[in-house]
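Chemist: So that we are looking at the same thing, I have put the structure below in structure tokens.
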Amino acid sequence: MSTAAGLAAPDAAPPAALADRSPVPPSALADRSPAAPPALADRSAVPSPATADRSQVPPAEGVSFGQFVAAAAAAGRLVVQPRMGFSDPRVMRDGLEQTRSAVATTVGTLTIDSYTRVGDLAAARAALAEGLPLNGYPIATHPADVTRGLLHGTAASAFPVQVRHGSSRPEPIIRALTAAGLDATEGGPVSYCLPYGRTPLAESVANWARACELLATLVPAPRVPHLESFGGCMLGQLCPPGLLIALSLLEGLFFARHGIRSVSLSYAQQTDTTQDAEAVRALRRLADEFLPADVERHVVLYTYMGVFPRTRHGATRLLQDSARLAVRAGAQRLIVKTAAEAHRIPTVAENVRALETAATAATAAARAPYGQGRPAATGSEVYREARAFLEAVLELSDDPGRALRTAFARGVLDVPYCLHPDNAGRSRSFLGPDGRLHWSDVGRMPVAPYAAPGARVLMTSAGLLRALDAVADRYDRPPGPLPAPEHARPAHFPTGQGDDMDLTTPPALGEHLASPTLRSAMLVQQEALHAAREFLRGEGFVELLPPLVGPVTDPGGRGAKALDVDYYGQPYKLMTSAILYKQASLKGFPRLFYIAPNVRVEPPETAGTGRHLVEFHQIDVELASGTREDVQEIAAGLLTHVVEHVWTAVPDVLRGLGRDELDFAELRSGKCDVRTHEEAVARLLANGHPQSPDAEIDWAGEHLLSLEADRPFFVNDYPKGSRGFYDREDPGNPGVLRNFDLIAHGGYGELVSGSERESNYATLVTRMRESGENPAKYAWYLDLAREGLSPSAGFGMGLQRLVRFLTGLDALWQVSAYPKLPGVIAP
């Protein structure tokens, strides 16, 4: 699967001359000062790792590949690595030099050509003799002194180099790399057999046993030979994580059995960030449980190995997500892909750009340090499934090689969609509407298929193609306005809906009210309301019943209008928000809340966002003499309490909707990340999204920020003019408001909007006029302000948005008993 090898003509000069050649200058980096920001990641809000960071990984005589990665991890640095191979030794050296010079903590790669991988060394020699380019470095064909020459002054303890190949017959490669002074490679008896050809598994196991023993013998002390299992990838996609983890660990045990004492265990990024995080954490935990204590180990993550996004922005976003996943789940090394991946073999400069982009994303993720120190999951579905595979295989024999052969022969291990003759071919997997990979058929494997209520999940050819393209399609969506939801069906798998179910329009009211999905959502809503009231009352808040109509209402909606009511001949409004009444109520109730119904006539174009209704409810909270930080603490505590309560009260309902407790693991820690509006805008602009710095974060931008997060986060300090006149301007930072939004992770967007309130009469009048409002309309409110409003802060939490987030459903109408979508006439 190492497809990022380069093409170049072989060197016409005698190979031996290379040993005396001075290093080829890295031209793509020649003008870069050490502190320059990485390409494709130029943003003020996200700091870049300095070139000098490599010094934090102390070079020492005899430091080997695994020891370098361990030292980098101890220094808080994710090691990033390219897939890179060129048949011309000079071009290969240039690639290593530029990799070493990248603004990142890097290790080098020699990716081997296809002829060498399959053992056709005669064809490799013929190609070099004829001047034909190869798709990698033919290490077993070039003389050892040529390889030593290109490594001279480049590969060292501060920049180790690994050989990557893909061979079920690795002995010539092992001999060549050790003769060149290298000590690290990768592969495995299963992972470099089943996906690549028809070599019998028994032969591959025997070949790899000899290769391990050879590597352990030929690498001189004090260096420690290192071997990486490719088992966490296999076919690259559509293999549920439990099997990938088990294969990686089984190959690690196989390596240890045959004398290797430094291993890395791989996992390839799949379709769902939460499932992937579970997988990496489970891999770390199981490695500690199953590998011998004297075996040095680390986890390496592969950026997505399936169909790659075709657009630059899609490829870059996927790479950034893989770096964030690596840091937050605790992988110590990341092998990257480039923006050119879907089209051609990447250049050296494109590989360097990918390394620096990944390093920047990792640095930003590391600012919230809950990765490597976080305990791995022991009760997750992924952990349980992987452990079941491991125990079932290891019961077959004390020898991991024999156990692997027997397990495949009996179908205990069975890779879905793998056509190798030694693979049983009975298992099938599918991409669920929750975004996770599940088993539909397990054959004789020791795990259970996914239970889809009411129906067996069948994989059609069209469904397989959709699943293969799903990640690329998702990331390739333009960063502008988002299309209508495209999930095939809601997470509860209702039967009879078909693949063309339209999630942008509710069914007829009677059908909707009878839906099992709605019933589940209402049970969750009931518990959420109970928990919200419980929490707020416990914090000393008093619940009031809010007004429904009034002479004025909140003017601050994004294009939304208020409905007019003829109130005894006076033009009144239905409440779009009760903010003004909350401020007034502080005269008697210094801590108050509403469960407030609101009506906003949203623009019809918002009907397809999945996030807008005309009728909705808010949990409205106000605190006299409160600051923004005070109410942010309350909002975060409220959200955490609701999640804890709902998971205690109705866990089976949530699981039936496809939710997993680990979806909320970061949230339940009680912590939320914080960024400013300016930082959020910079993040979006860097990702190619055209966000105005003077406006609220638009819906598409909010969605993008939400998708890349792993837990809720606050966005503070919106610019003056972007929100209502009642949001207080920061006296120490004119033009900036003391307000915030709380954005849920996972693509669910804004849950909470709040602010410190303006209470000064003269300032309120000025702000009304600045925003185009007529102060005369607000006479009753301004009369109270003239008498003296209490300084306060407050927020509104959208109830339907909260329930949608808890249930994981696609659209707000699915969590509303009587949904009214913008522009849609409904009862």
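Naming works like this for the structure tokens: A, B, ... for the chains as they're shown, residue 1 at the start of each chain, ligands 1 onward in shown order.
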As a PyMOL selection string, please: all residues of range 246-354 of chain A that backbone DSSP puts in strand (DSSP E or B).

Modeler: chain A and resi 262-268+296-302+333-335

Chemist: Excluding range 630-632 of chain A and its own-chain neighbours fewer than 6 positions away, which residues fall within 9 Å of it when counting only C-alpha atoms? Please give them as an MDAnalysis selection string.

Modeler: chainID A and resid 621:623 714 740 742 754:756 793:795

Chemist: Find the residues near Ala342 in chain A: any atom within 8 Å, counting only C-alpha atoms, skip ones fewer than 5 places away on the same chain, and give them as a list in words.

Modeler: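 So the residues in contact are Val307, Phe308, Pro309 and Arg310 of chain A.
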
Chemist: Which one is closest to Tyr475 in chain A: A:Val280, A:Glu702, A:Arg436, A:Glu708? Count only C-alpha atoms.

Modeler: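 Counting only C-alpha atoms, the residue closest to Tyr475 in chain A is A:Glu708.
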
Chemist: Hey, what does DSSP flag as helix (DSSP H, G or I) within range 169-345 of chain A? Can you give it to me as an MDAnalysis selection string?

Modeler: chainID A and resid 171:179 201:218 241:257 273:290 312:329

Chemist: Which one of A:Arg786, A:Arg223, A:His512, A:Arg801 sits closest to Tyr748 in chain A if you count only C-alpha atoms?

Modeler: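 With only C-alpha atoms as the atom set, the closest residue is A:Arg801.
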
Chemist: Residues within 12 Å of Pro170 in chain A, please, as a ChimeraX atom specification. Count only C-alpha atoms; anything in the same chain fewer than 3 positions from it doesn't count.

Modeler: /A:112,116-120,139-140,163-167,173-177,185-189,192-193,203-215

Chemist: Please dump the current selection as an mmCIF file, in the first residue's frame; keep N, CA and C atoms.

Modeler:
data_model
loop_
_atom_site.group_PDB
_atom_site.id
_atom_site.type_symbol
_atom_site.label_atom_id
_atom_site.label_comp_id
_atom_site.auth_asym_id
_atom_site.auth_seq_id
_atom_site.Cartn_x
_atom_site.Cartn_y
_atom_site.Cartn_z
ATOM 1 N N ILE A 112 10.549 1.048 -1.297
ATOM 2 C CA ILE A 112 11.177 0.133 -2.255
ATOM 3 C C ILE A 112 10.289 -0.025 -3.493
ATOM 4 N N THR A 116 11.437 -5.155 -6.677
ATOM 5 C CA THR A 116 12.126 -5.679 -5.494
ATOM 6 C C THR A 116 11.124 -6.279 -4.522
ATOM 7 N N ARG A 117 9.956 -5.667 -4.404
ATOM 8 C CA ARG A 117 8.934 -6.199 -3.488
ATOM 9 C C ARG A 117 8.548 -7.631 -3.830
ATOM 10 N N VAL A 118 8.416 -7.914 -5.128
ATOM 11 C CA VAL A 118 7.977 -9.266 -5.517
ATOM 12 C C VAL A 118 9.152 -10.207 -5.751
ATOM 13 N N GLY A 119 10.367 -9.731 -5.506
ATOM 14 C CA GLY A 119 11.543 -10.590 -5.624
ATOM 15 C C GLY A 119 12.087 -10.723 -7.024
ATOM 16 N N ASP A 120 11.644 -9.884 -7.965
ATOM 17 C CA ASP A 120 12.145 -9.947 -9.338
ATOM 18 C C ASP A 120 13.336 -8.998 -9.482
ATOM 19 N N ILE A 139 16.692 -1.194 -3.420
ATOM 20 C CA ILE A 139 17.778 -1.317 -2.446
ATOM 21 C C ILE A 139 18.565 -2.602 -2.608
ATOM 22 N N ALA A 140 17.910 -3.656 -3.085
ATOM 23 C CA ALA A 140 18.623 -4.927 -3.250
ATOM 24 C C ALA A 140 19.359 -5.008 -4.579
ATOM 25 N N VAL A 163 13.139 1.568 6.025
ATOM 26 C CA VAL A 163 12.875 0.995 4.710
ATOM 27 C C VAL A 163 11.447 0.446 4.706
ATOM 28 N N ARG A 164 10.655 0.889 3.713
ATOM 29 C CA ARG A 164 9.267 0.433 3.577
ATOM 30 C C ARG A 164 9.148 -0.292 2.243
ATOM 31 N N HIS A 165 8.477 -1.438 2.264
ATOM 32 C CA HIS A 165 8.475 -2.226 1.025
ATOM 33 C C HIS A 165 7.119 -2.824 0.715
ATOM 34 N N GLY A 166 6.725 -3.964 1.249
ATOM 35 C CA GLY A 166 5.483 -4.610 0.865
ATOM 36 C C GLY A 166 5.725 -6.020 0.361
ATOM 37 N N SER A 167 6.729 -6.682 0.889
ATOM 38 C CA SER A 167 7.146 -7.969 0.332
ATOM 39 C C SER A 167 6.824 -9.127 1.260
ATOM 40 N N ILE A 173 15.801 -7.798 0.948
ATOM 41 C CA ILE A 173 15.652 -6.421 1.426
ATOM 42 C C ILE A 173 16.312 -6.269 2.788
ATOM 43 N N ILE A 174 16.110 -7.243 3.665
ATOM 44 C CA ILE A 174 16.723 -7.197 5.002
ATOM 45 C C ILE A 174 18.241 -7.195 4.880
ATOM 46 N N ARG A 175 18.770 -8.040 4.023
ATOM 47 C CA ARG A 175 20.233 -8.104 3.865
ATOM 48 C C ARG A 175 20.761 -6.785 3.315
ATOM 49 N N ALA A 176 20.048 -6.198 2.368
ATOM 50 C CA ALA A 176 20.523 -4.959 1.757
ATOM 51 C C ALA A 176 20.454 -3.787 2.729
ATOM 52 N N LEU A 177 19.394 -3.675 3.497
ATOM 53 C CA LEU A 177 19.261 -2.523 4.402
ATOM 54 C C LEU A 177 20.263 -2.605 5.551
ATOM 55 N N THR A 185 12.638 -1.467 9.465
ATOM 56 C CA THR A 185 11.797 -1.738 8.307
ATOM 57 C C THR A 185 10.389 -2.068 8.786
ATOM 58 N N GLU A 186 9.565 -2.561 7.875
ATOM 59 C CA GLU A 186 8.179 -2.839 8.250
ATOM 60 C C GLU A 186 7.628 -3.951 7.393
ATOM 61 N N GLY A 187 6.440 -4.455 7.761
ATOM 62 C CA GLY A 187 5.788 -5.525 7.027
ATOM 63 C C GLY A 187 5.137 -6.503 7.971
ATOM 64 N N GLY A 188 5.177 -7.777 7.632
ATOM 65 C CA GLY A 188 4.581 -8.803 8.465
ATOM 66 C C GLY A 188 4.118 -9.990 7.654
ATOM 67 N N PRO A 189 3.992 -11.147 8.282
ATOM 68 C CA PRO A 189 3.666 -12.378 7.557
ATOM 69 C C PRO A 189 2.260 -12.387 6.971
ATOM 70 N N TYR A 192 1.807 -8.347 4.711
ATOM 71 C CA TYR A 192 2.522 -8.224 3.448
ATOM 72 C C TYR A 192 2.382 -9.505 2.625
ATOM 73 N N CYS A 193 1.253 -10.202 2.863
ATOM 74 C CA CYS A 193 0.926 -11.395 2.090
ATOM 75 C C CYS A 193 -0.484 -11.280 1.520
ATOM 76 N N GLU A 203 3.990 -20.006 3.424
ATOM 77 C CA GLU A 203 5.292 -19.597 2.900
ATOM 78 C C GLU A 203 5.676 -18.220 3.429
ATOM 79 N N SER A 204 4.712 -17.290 3.468
ATOM 80 C CA SER A 204 4.995 -15.952 3.973
ATOM 81 C C SER A 204 5.396 -15.987 5.443
ATOM 82 N N VAL A 205 4.713 -16.811 6.229
ATOM 83 C CA VAL A 205 5.060 -16.935 7.650
ATOM 84 C C VAL A 205 6.492 -17.425 7.806
ATOM 85 N N ALA A 206 6.862 -18.428 7.023
ATOM 86 C CA ALA A 206 8.229 -18.948 7.107
ATOM 87 C C ALA A 206 9.246 -17.900 6.651
ATOM 88 N N ASN A 207 8.917 -17.184 5.569
ATOM 89 C CA ASN A 207 9.824 -16.144 5.080
ATOM 90 C C ASN A 207 10.038 -15.058 6.123
ATOM 91 N N TRP A 208 8.980 -14.663 6.773
ATOM 92 C CA TRP A 208 9.092 -13.576 7.751
ATOM 93 C C TRP A 208 9.763 -14.033 9.049
ATOM 94 N N ALA A 209 9.620 -15.305 9.393
ATOM 95 C CA ALA A 209 10.349 -15.812 10.565
ATOM 96 C C ALA A 209 11.854 -15.703 10.316
ATOM 97 N N ARG A 210 12.296 -16.115 9.114
ATOM 98 C CA ARG A 210 13.723 -16.005 8.787
ATOM 99 C C ARG A 210 14.149 -14.538 8.728
ATOM 100 N N ALA A 211 13.287 -13.672 8.179
ATOM 101 C CA ALA A 211 13.635 -12.255 8.056
ATOM 102 C C ALA A 211 13.809 -11.605 9.419
ATOM 103 N N CYS A 212 12.934 -11.927 10.363
ATOM 104 C CA CYS A 212 13.067 -11.369 11.713
ATOM 105 C C CYS A 212 14.383 -11.804 12.352
ATOM 106 N N GLU A 213 14.675 -13.073 12.250
ATOM 107 C CA GLU A 213 15.904 -13.591 12.864
ATOM 108 C C GLU A 213 17.137 -12.996 12.187
ATOM 109 N N LEU A 214 17.045 -12.783 10.883
ATOM 110 C CA LEU A 214 18.142 -12.172 10.148
ATOM 111 C C LEU A 214 18.358 -10.729 10.586
ATOM 112 N N LEU A 215 17.278 -9.984 10.694
ATOM 113 C CA LEU A 215 17.375 -8.583 11.125
ATOM 114 C C LEU A 215 17.957 -8.502 12.532
#

Chemist: So that I can check the surroundings of Leu238 in chain A, please list as a VMD selection string every protein, DNA and RNA residue that reaches within 9 Å of it, counting only C-alpha atoms and ignoring chain neighbours fewer than 4 positions away.

Modeler: chain A and resid 270 to 271 306 416 to 417 429 to 431 437 to 438 467 to 468

Chemist: For the selection just defined, write its residues with C-alpha atoms to a file, as an mmCIF file, in the first residue's frame.

Modeler:
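The new file selection35.cif reads:
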data_model
loop_
_atom_site.group_PDB
_atom_site.id
_atom_site.type_symbol
_atom_site.label_atom_id
_atom_site.label_comp_id
_atom_site.auth_asym_id
_atom_site.auth_seq_id
_atom_site.Cartn_x
_atom_site.Cartn_y
_atom_site.Cartn_z
ATOM 1 C CA GLN A 270 -10.709 4.833 8.859
ATOM 2 C CA THR A 271 -14.120 6.492 8.480
ATOM 3 C CA GLY A 306 -8.409 4.262 0.998
ATOM 4 C CA PRO A 416 -13.505 -8.700 4.383
ATOM 5 C CA TYR A 417 -13.308 -8.334 0.589
ATOM 6 C CA SER A 429 -18.409 -5.275 6.589
ATOM 7 C CA PHE A 430 -20.328 -2.095 5.878
ATOM 8 C CA LEU A 431 -20.171 1.614 6.547
ATOM 9 C CA LEU A 437 -17.447 0.412 10.289
ATOM 10 C CA HIS A 438 -19.491 -2.620 11.354
ATOM 11 C CA ALA A 467 -18.683 3.139 0.946
ATOM 12 C CA LEU A 468 -15.316 3.134 -0.821
#

Chemist: Find the residues near range 728-735 of chain A: any atom within 10 Å, counting only C-alpha atoms, skip ones fewer than 3 places away on the same chain, and give them as JSON, numbers by chain.

Modeler: {"A": [717, 718, 719, 720, 721, 723, 724, 725, 738, 739, 755, 756, 757, 758, 759, 760, 763, 764, 767, 791, 792, 793]}

Chemist: Ranking A:Ala700, A:Ala514, A:Val471, A:Leu249 by minimum distance to Gly435 in chain A and counting only C-alpha atoms, which one comes first?

Modeler: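 Smallest separation from Gly435 in chain A among the options: A:Val471.
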